[in-house]
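Shown next: query_9.csv, given as CSV, C-alpha atoms (C1' of nucleotides).
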chain,number,residue,atom,x,y,z
J,1,MET,CA,66.7,-84.1,184.2
J,2,LEU,CA,63.1,-83.0,185.0
J,3,LEU,CA,61.9,-86.6,185.0
J,4,SER,CA,63.9,-89.8,185.8
J,5,LYS,CA,63.7,-92.7,183.4
J,6,SER,CA,61.8,-94.6,186.0
J,7,CYS,CA,59.2,-91.9,186.1
J,8,ILE,CA,58.8,-91.8,182.3
J,9,TYR,CA,58.4,-95.6,182.2
J,10,ALA,CA,55.8,-95.4,185.0
J,11,LEU,CA,53.9,-92.7,183.1
J,12,ARG,CA,54.0,-94.5,179.8
J,13,ALA,CA,52.9,-97.8,181.4
J,14,THR,CA,50.1,-96.2,183.3
J,15,VAL,CA,48.7,-94.4,180.3
J,16,LEU,CA,48.9,-97.6,178.3
J,17,LEU,CA,47.1,-99.5,181.0
J,18,ALA,CA,44.4,-96.8,181.2
J,19,SER,CA,43.9,-97.2,177.4
J,20,LYS,CA,43.1,-100.9,177.8
J,21,LYS,CA,40.1,-102.7,179.2
J,22,GLN,CA,39.6,-101.8,182.8
J,23,ASP,CA,39.0,-104.5,185.4
J,24,GLU,CA,41.2,-106.9,183.5
J,25,PHE,CA,44.7,-107.7,184.6
J,26,ILE,CA,47.3,-107.0,182.0
J,27,THR,CA,50.6,-108.8,182.3
J,28,ILE,CA,53.8,-106.7,182.7
J,29,ARG,CA,55.3,-108.7,179.8
J,30,GLU,CA,52.6,-107.4,177.5
J,31,LEU,CA,53.2,-103.8,178.7
J,32,SER,CA,57.0,-104.1,178.4
J,33,ASP,CA,56.6,-105.6,174.9
J,34,GLU,CA,54.3,-102.8,173.7
J,35,LEU,CA,56.4,-100.1,175.4
J,36,ASP,CA,59.7,-101.6,174.4
J,37,ILE,CA,61.0,-101.3,177.9
J,38,SER,CA,62.9,-104.1,179.7
J,39,PHE,CA,60.5,-106.5,181.4
J,40,TYR,CA,62.7,-106.8,184.4
J,41,PHE,CA,63.1,-103.1,184.9
J,42,LEU,CA,59.5,-102.2,184.2
J,43,THR,CA,58.5,-104.8,186.8
J,44,LYS,CA,60.5,-103.0,189.5
J,45,VAL,CA,59.0,-99.7,188.5
J,46,LEU,CA,55.4,-100.9,188.5
J,47,GLN,CA,56.0,-102.6,191.9
J,48,LYS,CA,56.4,-99.1,193.3
J,49,LEU,CA,53.2,-98.0,191.8
J,50,THR,CA,51.5,-101.0,193.3
J,51,ARG,CA,52.9,-100.3,196.7
J,52,HIS,CA,51.5,-96.8,196.4
J,53,GLU,CA,48.1,-98.3,195.3
J,54,LEU,CA,48.1,-96.6,192.0
J,55,LEU,CA,48.0,-100.1,190.6
J,56,GLU,CA,46.7,-103.4,191.7
J,57,SER,CA,48.5,-106.6,191.0
J,58,TYR,CA,47.4,-110.2,190.9
J,59,LYS,CA,49.7,-113.2,190.8
J,60,GLY,CA,49.4,-116.4,188.8
J,61,PRO,CA,47.6,-117.3,185.6
J,62,ASN,CA,45.4,-114.5,184.3
J,63,GLY,CA,47.2,-112.2,186.7
J,64,GLY,CA,49.0,-109.0,186.0
J,65,VAL,CA,48.4,-105.4,186.9
J,66,ARG,CA,45.5,-102.9,186.5
J,67,LEU,CA,44.8,-99.4,187.6
J,68,GLY,CA,44.0,-99.1,191.3
J,69,ARG,CA,41.4,-96.4,190.7
J,70,SER,CA,39.8,-94.6,187.8
J,71,SER,CA,42.4,-93.0,185.4
J,72,GLY,CA,40.7,-89.6,186.0
J,73,LEU,CA,41.7,-89.9,189.7
J,74,ILE,CA,45.4,-90.6,189.0
J,75,THR,CA,47.4,-87.5,188.4
J,76,PHE,CA,50.7,-87.0,186.7
J,77,LEU,CA,52.0,-85.9,190.0
J,78,ASP,CA,50.8,-89.1,191.8
J,79,VAL,CA,53.0,-91.1,189.5
J,80,VAL,CA,56.0,-88.9,189.9
J,81,HIS,CA,55.6,-88.9,193.7
J,82,SER,CA,55.3,-92.7,193.8
J,83,ILE,CA,58.5,-93.2,191.9
J,84,ASP,CA,60.8,-90.4,193.0
J,85,GLY,CA,59.3,-89.7,196.4
J,86,GLU,CA,57.4,-86.7,197.7
J,87,LYS,CA,60.3,-84.7,198.9
J,88,GLN,CA,62.1,-84.4,195.6
J,89,LEU,CA,60.0,-81.6,194.4
J,90,GLU,CA,59.5,-80.0,197.7
J,91,ASP,CA,63.1,-79.6,198.7
J,92,CYS,CA,64.9,-76.2,198.6
J,93,ILE,CA,66.4,-75.7,195.2
J,94,LEU,CA,69.7,-74.9,196.7
J,95,GLY,CA,69.6,-78.0,198.9
J,96,LEU,CA,70.1,-75.9,202.0
J,97,PRO,CA,68.8,-77.8,205.0
J,98,GLY,CA,67.4,-74.9,206.9
J,99,CYS,CA,65.7,-73.2,204.0
J,100,GLY,CA,62.1,-72.4,204.3
J,101,VAL,CA,59.7,-69.5,204.7
J,102,MET,CA,61.3,-68.3,207.9
J,103,LYS,CA,64.8,-68.5,206.6
J,104,PRO,CA,64.7,-68.5,202.8
J,105,CYS,CA,67.7,-69.0,200.6
J,106,PRO,CA,68.5,-66.6,197.8
J,107,MET,CA,66.3,-68.4,195.4
J,108,HIS,CA,63.6,-69.6,197.7
J,109,ASP,CA,60.9,-67.2,196.7
J,110,GLN,CA,61.4,-67.3,193.0
J,111,TRP,CA,61.9,-71.0,193.0
J,112,SER,CA,58.9,-71.6,195.1
J,113,GLN,CA,56.8,-69.8,192.6
J,114,LEU,CA,58.2,-71.8,189.7
J,115,LYS,CA,57.7,-75.0,191.7
J,116,VAL,CA,54.1,-74.2,192.5
J,117,ARG,CA,53.4,-73.7,188.8
J,118,ILE,CA,55.1,-77.0,187.8
J,119,MET,CA,53.4,-78.9,190.6
J,120,GLY,CA,50.1,-77.3,189.7
J,121,SER,CA,50.4,-78.4,186.2
J,122,MET,CA,51.4,-82.0,187.2
J,123,LYS,CA,48.5,-82.1,189.6
J,124,SER,CA,45.9,-81.0,187.2
J,125,MET,CA,47.0,-83.4,184.5
J,126,THR,CA,45.4,-86.9,185.0
J,127,ILE,CA,46.2,-90.2,183.3
J,128,SER,CA,42.7,-89.9,181.7
J,129,ASP,CA,43.7,-86.6,180.1
J,130,LEU,CA,46.7,-88.2,178.6
J,131,VAL,CA,44.8,-91.2,177.3
J,132,THR,CA,42.2,-89.0,175.7
J,133,ASN,CA,45.0,-87.0,174.0
J,134,LYS,CA,46.6,-90.2,172.8
J,135,GLU,CA,43.5,-91.4,171.2
J,136,ILE,CA,42.8,-88.2,169.4
J,137,MET,CA,46.4,-88.1,168.2
J,138,ASN,CA,46.3,-91.7,167.1
J,139,ARG,CA,43.1,-91.1,165.2
J,140,ILE,CA,44.4,-88.0,163.5
J,141,SER,CA,47.7,-89.5,162.7
J,142,ALA,CA,46.3,-92.8,161.4
J,143,LEU,CA,45.2,-90.8,158.4
J,144,GLU,CA,48.8,-90.0,157.6
J,145,ASN,CA,50.9,-92.9,158.7
J,146,ASP,CA,50.1,-96.0,160.6
J,147,GLY,CA,52.5,-95.9,163.6
J,148,ASN,CA,51.5,-96.9,167.0
J,149,PHE,CA,52.6,-94.1,169.3
J,150,PHE,CA,53.4,-96.4,172.1
J,151,GLU,CA,56.2,-97.8,170.1
J,152,PRO,CA,59.4,-95.9,169.4
J,153,LYS,CA,60.2,-94.9,165.8
B,1,MET,CA,65.1,-84.6,189.9
B,2,LEU,CA,64.0,-81.4,188.2
B,3,LEU,CA,67.4,-79.9,188.5
B,4,SER,CA,70.8,-81.8,188.7
B,5,LYS,CA,73.2,-81.0,191.4
B,6,SER,CA,75.5,-79.5,188.9
B,7,CYS,CA,72.7,-77.1,187.8
B,8,ILE,CA,72.0,-76.1,191.4
B,9,TYR,CA,75.7,-75.4,192.1
B,10,ALA,CA,75.9,-73.4,188.9
B,11,LEU,CA,72.9,-71.3,189.9
B,12,ARG,CA,74.1,-70.7,193.4
B,13,ALA,CA,77.5,-69.7,192.2
B,14,THR,CA,76.2,-67.4,189.6
B,15,VAL,CA,73.8,-65.7,192.0
B,16,LEU,CA,76.7,-65.3,194.4
B,17,LEU,CA,79.0,-63.9,191.7
B,18,ALA,CA,76.3,-61.4,190.7
B,19,SER,CA,75.9,-60.2,194.2
B,20,LYS,CA,79.6,-59.3,194.3
B,21,LYS,CA,81.6,-56.4,192.8
B,22,GLN,CA,81.3,-56.7,189.0
B,23,ASP,CA,84.4,-56.4,186.8
B,24,GLU,CA,86.5,-58.0,189.5
B,25,PHE,CA,87.6,-61.6,189.2
B,26,ILE,CA,86.6,-63.8,192.1
B,27,THR,CA,88.5,-67.0,192.8
B,28,ILE,CA,86.6,-70.2,192.6
B,29,ARG,CA,88.1,-71.1,196.0
B,30,GLU,CA,86.3,-68.1,197.5
B,31,LEU,CA,83.0,-69.1,195.9
B,32,SER,CA,83.4,-72.8,196.9
B,33,ASP,CA,84.1,-71.7,200.5
B,34,GLU,CA,81.1,-69.4,200.7
B,35,LEU,CA,78.8,-71.9,199.1
B,36,ASP,CA,80.2,-74.9,200.9
B,37,ILE,CA,80.7,-76.8,197.7
B,38,SER,CA,83.7,-78.9,196.8
B,39,PHE,CA,86.3,-76.6,195.1
B,40,TYR,CA,87.2,-79.3,192.6
B,41,PHE,CA,83.6,-80.0,191.6
B,42,LEU,CA,82.6,-76.4,191.5
B,43,THR,CA,85.6,-75.8,189.2
B,44,LYS,CA,84.3,-78.4,186.8
B,45,VAL,CA,80.8,-76.9,186.8
B,46,LEU,CA,82.0,-73.3,186.3
B,47,GLN,CA,84.2,-74.4,183.4
B,48,LYS,CA,81.0,-75.3,181.6
B,49,LEU,CA,79.6,-71.9,182.2
B,50,THR,CA,82.8,-70.3,181.0
B,51,ARG,CA,82.7,-72.3,177.8
B,52,HIS,CA,79.2,-71.1,177.2
B,53,GLU,CA,80.3,-67.5,177.9
B,54,LEU,CA,78.0,-67.0,180.8
B,55,LEU,CA,81.2,-66.5,182.8
B,56,GLU,CA,84.7,-65.1,181.9
B,57,SER,CA,87.7,-66.6,183.6
B,58,TYR,CA,91.2,-65.3,184.1
B,59,LYS,CA,94.2,-67.4,185.1
B,60,GLY,CA,97.0,-66.5,187.5
B,61,PRO,CA,97.3,-64.1,190.4
B,62,ASN,CA,94.2,-61.8,190.8
B,63,GLY,CA,92.5,-64.2,188.5
B,64,GLY,CA,89.2,-66.0,188.9
B,65,VAL,CA,85.8,-65.8,187.3
B,66,ARG,CA,83.2,-63.1,186.8
B,67,LEU,CA,79.9,-62.8,184.9
B,68,GLY,CA,80.3,-62.8,181.1
B,69,ARG,CA,77.5,-60.2,180.8
B,70,SER,CA,75.1,-58.3,183.0
B,71,SER,CA,73.2,-60.4,185.5
B,72,GLY,CA,70.0,-59.1,184.1
B,73,LEU,CA,70.9,-60.7,180.8
B,74,ILE,CA,71.6,-64.2,182.2
B,75,THR,CA,68.5,-66.2,182.7
B,76,PHE,CA,67.8,-69.2,184.9
B,77,LEU,CA,67.3,-71.2,181.7
B,78,ASP,CA,70.7,-70.1,180.3
B,79,VAL,CA,72.4,-71.7,183.3
B,80,VAL,CA,70.4,-74.9,183.0
B,81,HIS,CA,71.1,-75.2,179.3
B,82,SER,CA,74.8,-74.6,179.8
B,83,ILE,CA,75.0,-77.4,182.4
B,84,ASP,CA,72.6,-80.0,181.2
B,85,GLY,CA,72.5,-79.2,177.5
B,86,GLU,CA,69.7,-77.8,175.4
B,87,LYS,CA,68.0,-81.0,174.4
B,88,GLN,CA,67.3,-82.2,177.9
B,89,LEU,CA,64.2,-80.0,178.2
B,90,GLU,CA,63.2,-80.3,174.6
B,91,ASP,CA,63.2,-84.0,174.2
B,92,CYS,CA,60.0,-85.9,174.1
B,93,ILE,CA,58.9,-86.9,177.6
B,94,LEU,CA,58.6,-90.5,176.6
B,95,GLY,CA,62.0,-90.6,175.0
B,96,LEU,CA,60.5,-91.7,171.7
B,97,PRO,CA,62.9,-90.7,168.9
B,98,GLY,CA,60.3,-89.9,166.3
B,99,CYS,CA,58.1,-87.9,168.5
B,100,GLY,CA,57.2,-84.4,167.4
B,101,VAL,CA,54.3,-82.3,166.1
B,102,MET,CA,53.9,-84.6,163.1
B,103,LYS,CA,53.9,-87.8,165.0
B,104,PRO,CA,53.2,-87.1,168.6
B,105,CYS,CA,53.4,-89.7,171.3
B,106,PRO,CA,50.5,-90.1,173.8
B,107,MET,CA,51.7,-87.4,176.1
B,108,HIS,CA,53.3,-85.1,173.5
B,109,ASP,CA,50.6,-82.4,173.6
B,110,GLN,CA,50.1,-82.3,177.3
B,111,TRP,CA,53.7,-82.5,178.1
B,112,SER,CA,54.5,-79.8,175.6
B,113,GLN,CA,52.2,-77.5,177.4
B,114,LEU,CA,53.7,-78.2,180.7
B,115,LYS,CA,57.2,-77.8,179.3
B,116,VAL,CA,56.4,-74.5,177.7
B,117,ARG,CA,55.2,-73.2,181.1
B,118,ILE,CA,58.3,-74.5,182.9
B,119,MET,CA,60.7,-73.1,180.3
B,120,GLY,CA,58.8,-69.8,180.2
B,121,SER,CA,59.3,-69.4,183.9
B,122,MET,CA,62.9,-70.3,183.7
B,123,LYS,CA,63.4,-67.9,180.8
B,124,SER,CA,61.7,-65.0,182.5
B,125,MET,CA,63.8,-65.4,185.7
B,126,THR,CA,67.2,-63.7,185.5
B,127,ILE,CA,70.1,-64.0,187.8
B,128,SER,CA,69.5,-60.3,188.6
B,129,ASP,CA,66.0,-61.1,189.8
B,130,LEU,CA,67.4,-63.8,192.1
B,131,VAL,CA,70.0,-61.5,193.6
B,132,THR,CA,67.4,-58.8,194.2
B,133,ASN,CA,65.3,-61.4,196.0
B,134,LYS,CA,68.3,-62.5,198.0
B,135,GLU,CA,69.1,-59.1,199.2
B,136,ILE,CA,65.5,-58.3,200.2
B,137,MET,CA,65.4,-61.6,202.0
B,138,ASN,CA,68.7,-61.0,203.7
B,139,ARG,CA,67.6,-57.6,204.8
B,140,ILE,CA,64.2,-58.8,206.2
B,141,SER,CA,65.7,-61.7,207.9
B,142,ALA,CA,68.7,-59.8,209.4
B,143,LEU,CA,66.1,-58.3,211.7
B,144,GLU,CA,65.3,-61.7,213.1
B,145,ASN,CA,68.5,-63.8,212.9
B,146,ASP,CA,71.9,-63.2,211.5
B,147,GLY,CA,72.4,-66.0,209.0
B,148,ASN,CA,74.1,-65.7,205.7
B,149,PHE,CA,71.8,-67.3,203.2
B,150,PHE,CA,74.5,-68.6,201.0
B,151,GLU,CA,75.6,-70.8,203.8
B,152,PRO,CA,73.8,-74.0,204.7
B,153,LYS,CA,72.2,-74.4,208.1
I,1,DT,C1',113.9,-65.6,185.0
I,2,DA,C1',112.0,-67.9,188.9
I,3,DT,C1',108.1,-68.4,191.8
I,4,DA,C1',103.5,-68.2,193.3
I,5,DT,C1',98.8,-68.1,192.0
I,6,DT,C1',95.0,-69.4,189.5
I,7,DT,C1',92.0,-71.8,185.9
I,8,DA,C1',91.9,-75.9,182.3
I,9,DA,C1',91.9,-80.5,181.4
I,10,DG,C1',92.3,-85.3,182.0
I,11,DA,C1',92.3,-89.5,184.8
I,12,DC,C1',90.4,-91.5,188.4
I,13,DA,C1',87.1,-93.0,192.6
I,14,DA,C1',82.6,-93.0,194.8
I,15,DA,C1',77.7,-92.8,194.7
I,16,DA,C1',73.4,-92.9,192.5
I,17,DT,C1',70.6,-94.6,188.9
I,18,DA,C1',69.4,-97.9,185.5
I,19,DC,C1',69.1,-102.5,184.3
I,20,DT,C1',69.4,-108.0,184.8
I,21,DC,C1',68.6,-112.2,186.7
I,22,DC,C1',67.4,-115.6,190.2
I,23,DT,C1',64.4,-117.5,193.7
I,24,DA,C1',60.2,-117.1,196.5
I,25,DT,C1',55.3,-116.7,196.7
I,26,DA,C1',50.6,-116.8,195.0
I,27,DT,C1',47.1,-119.0,192.2
I,28,DA,C1',44.7,-121.1,188.3
I,29,DT,C1',44.2,-125.4,185.8
I,30,DT,C1',44.7,-130.2,185.1
T,1,DA,C1',48.8,-132.8,194.2
T,2,DA,C1',51.5,-131.4,190.3
T,3,DT,C1',52.4,-128.0,186.9
T,4,DA,C1',52.4,-123.7,184.7
T,5,DT,C1',51.9,-118.7,185.0
T,6,DA,C1',52.6,-114.4,187.0
T,7,DT,C1',54.1,-110.8,190.4
T,8,DA,C1',57.4,-109.8,194.7
T,9,DG,C1',61.7,-109.3,196.4
T,10,DG,C1',66.6,-109.7,196.8
T,11,DA,C1',71.2,-109.8,194.9
T,12,DG,C1',73.7,-108.6,191.7
T,13,DT,C1',76.1,-105.8,187.2
T,14,DA,C1',76.4,-101.6,184.2
T,15,DT,C1',76.1,-96.9,183.3
T,16,DT,C1',75.7,-92.1,184.6
T,17,DT,C1',76.5,-88.6,187.7
T,18,DT,C1',79.0,-86.7,191.3
T,19,DG,C1',83.2,-85.8,193.5
T,20,DT,C1',88.6,-85.9,193.9
T,21,DC,C1',93.2,-85.3,192.6
T,22,DT,C1',97.2,-84.4,189.6
T,23,DT,C1',99.4,-82.1,186.0
T,24,DA,C1',99.4,-78.4,182.4
T,25,DA,C1',98.9,-73.7,180.9
T,26,DA,C1',98.6,-68.8,181.7
T,27,DT,C1',100.0,-64.7,184.2
T,28,DA,C1',101.4,-61.5,187.9
T,29,DT,C1',105.2,-60.2,190.7
T,30,DA,C1',109.6,-60.1,192.6

As structure tokens, how would this structure be written, given the file I've shared?
Amino acid sequence: MLLSKSCIYALRATVLLASKKQDEFITIRELSDELDISFYFLTKVLQKLTRHELLESYKGPNGGVRLGRSSGLITFLDVVHSIDGEKQLEDCILGLPGCGVMKPCPMHDQWSQLKVRIMGSMKSMTISDLVTNKEIMNRISALENDGNFFEPK
Amino acid sequence: MLLSKSCIYALRATVLLASKKQDEFITIRELSDELDISFYFLTKVLQKLTRHELLESYKGPNGGVRLGRSSGLITFLDVVHSIDGEKQLEDCILGLPGCGVMKPCPMHDQWSQLKVRIMGSMKSMTISDLVTNKEIMNRISALENDGNFFEPK
DNA sequence: TATATTTAAGACAAAATACTCCTATATATT
DNA sequence: AATATATAGGAGTATTTTGTCTTAAATATA
């Protein structure tokens, strides 16, 4: 709940990409290895990001994917929208077809407020913010243990 | 995404229950009819709420379900937790097993903040709040059209 | 006690999501 | 031109979630 696995993979991959050299294409194989996600599945997920122009791809030798624009211009919400579609977050919580401002369902008002907060948070959080955070955390934590935070366990 | 269908059904049913006479058992059939949700599926969903003591149930004639405690003491989050489990919202967004304060993943910090906000909103919103809202909305809207907001379309 | 009513629980079917693999397409290099 | 490398897209399989149905258990009433 909250985020689908595809969303999570997309976010992780995008943050990882943003932490690497810009302008260079990185192979999906490299990303899937570092993230410990199935290459095949990650490929499908990243294809969606490419179609939505969050990423650029290049076929053939030295090909791969790279960010479609600066990491500061890609929001958490951009990624979620690209993967799960725009309507997911905008639909009435009760799934009532006619629900809206004119004919609200019982929870419309309260849920709208909650949604606005969630979406606001997702919109204000960019991939760049997440990378920055990651680097700080890696640096701090390198003092204690030597894990790579892109890798599980 | 965000909320599973089971969660949504549980919320709708609980709000509807709270809007009815307390202390009386309401049959799941009546709820499923009013909410236009499959009786069988709603039964499964409400059984979870009963197990978590958000509802009480009674078998046999004049039986049914009713709130396990005052609607003001049942939060949005209580319902979500009963249906989808407590861990769903508490897990690391990246699904990394070791992620935590001591060994945060790249998004741990940012995501924690977002989660805290979402959970805070869900915790501060009670079923009673949602019923109140519903009644206000029904009253306002009755002036314009005569829909019942528990029923789709 | 017999019958009707109602939730509980388990087994199953359908749909959605997650995941795999194969072939096509693009392109760099020899 | 031939070959190797890489993403794109389609066609599957597996798993999870959603939805259905049947039988069991509890209880009120006649």

What are the closest atom pairs, with distances in Å to one decimal, for all residues of chain I lying within 12 Å of segment 20-30 of chain T? Consider only C-alpha atoms (C1' of nucleotides), order rows by chain and residue number, and present the result as CSV.
residue,atom,partner,partner_atom,distance
I:DT1,C1',T:DA30,C1',10.3
I:DA2,C1',T:DA30,C1',9.0
I:DT3,C1',T:DA30,C1',8.5
I:DA4,C1',T:DT29,C1',8.6
I:DT5,C1',T:DA28,C1',8.2
I:DT6,C1',T:DA26,C1',8.6
I:DT7,C1',T:DA26,C1',8.4
I:DA8,C1',T:DA25,C1',7.5
I:DA9,C1',T:DA24,C1',7.9
I:DG10,C1',T:DT23,C1',8.8
I:DA11,C1',T:DT22,C1',8.5
I:DC12,C1',T:DC21,C1',8.0
I:DA13,C1',T:DT20,C1',7.4
I:DA14,C1',T:DT20,C1',9.3

> So which one's closest to chain T, B:Ile8, B:Leu42, B:Leu114, B:Val79? Using only C-alpha atoms (C1' of nucleotides), please.
Replying inline: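 Residue with the minimum atom-to-atom distance to chain T: B:Leu42.
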
> Quick one, how far is atom CA of Val65 of chain J from atom C1' of DA4 of chain T?
Replying inline: 18.9 Å

> Between atom CA of Val45 of chain B and atom CA of Leu3 of chain B, what is the spacing in Å?
Replying inline: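 Distance between the two atoms: 13.8 Å.
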
With only C-alpha atoms (C1' of nucleotides) as the counted atoms, please give the residues lying no more than 8 Å from Ile127 of chain B, apart from itself and same-chain residues fewer than 2 positions off, as a CSV table (one decimal) with C-alpha atoms, keeping the file's coordinate frame.
chain,number,residue,atom,x,y,z
B,14,THR,CA,76.2,-67.4,189.6
B,15,VAL,CA,73.8,-65.7,192.0
B,18,ALA,CA,76.3,-61.4,190.7
B,71,SER,CA,73.2,-60.4,185.5
B,72,GLY,CA,70.0,-59.1,184.1
B,73,LEU,CA,70.9,-60.7,180.8
B,74,ILE,CA,71.6,-64.2,182.2
B,75,THR,CA,68.5,-66.2,182.7
B,76,PHE,CA,67.8,-69.2,184.9
B,125,MET,CA,63.8,-65.4,185.7
B,129,ASP,CA,66.0,-61.1,189.8
B,130,LEU,CA,67.4,-63.8,192.1
B,131,VAL,CA,70.0,-61.5,193.6

>> Show me, as a list in words, every residue of chain J with an atom at most 7 Å from chain T, counting all atoms listed in the file.
In response: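 Every residue of chain J that passes the 7 Å test is in Tyr58, Lys59, Gly60, Pro61, Gly63 and Gly64 of chain J.
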
>> If we count all atoms listed in the file and set the cut-off at 9 Å, which residues sit around segment 37-40 of chain J, ignoring sequence neighbours fewer than 6 positions away in its own chain? Please answer as an MDAnalysis selection string.
In response: (chainID J and resid 9 28:31) or (chainID I and resid 19:21)

>> Would you mind listing, as a PyMOL selection string, all residues of chain I that have at least one atom within 9 Å of chain J, where only C-alpha atoms (C1' of nucleotides) are what counts?
In response: chain I and resi 17-21+25-29

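A straight line drawn from atom CA of Leu2 of chain J to atom CA of Ser32 of chain B is 25.6 Å long.
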
>> Need to verify the contact set: Leu49 of chain B, 8 Å, all atoms listed in the file, exclusion of same-chain residues closer than 6 positions in sequence. Can you return it as a count of residues only?
In response: 5

>> Nearest residue to chain B out of J:Arg69, J:Ile118, J:Glu24, J:Ser124, using all atoms listed in the file?
In response: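 Ranked by minimum distance to chain B, first place goes to J:Ile118.
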
> When distances are computed from all atoms listed in the file, which of J:Lys20, J:Arg66, J:Lys44, J:Arg12 shows the smallest separation from chain B?
Replying inline: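 Looking at the shortest contact to chain B, the residue is J:Arg12.
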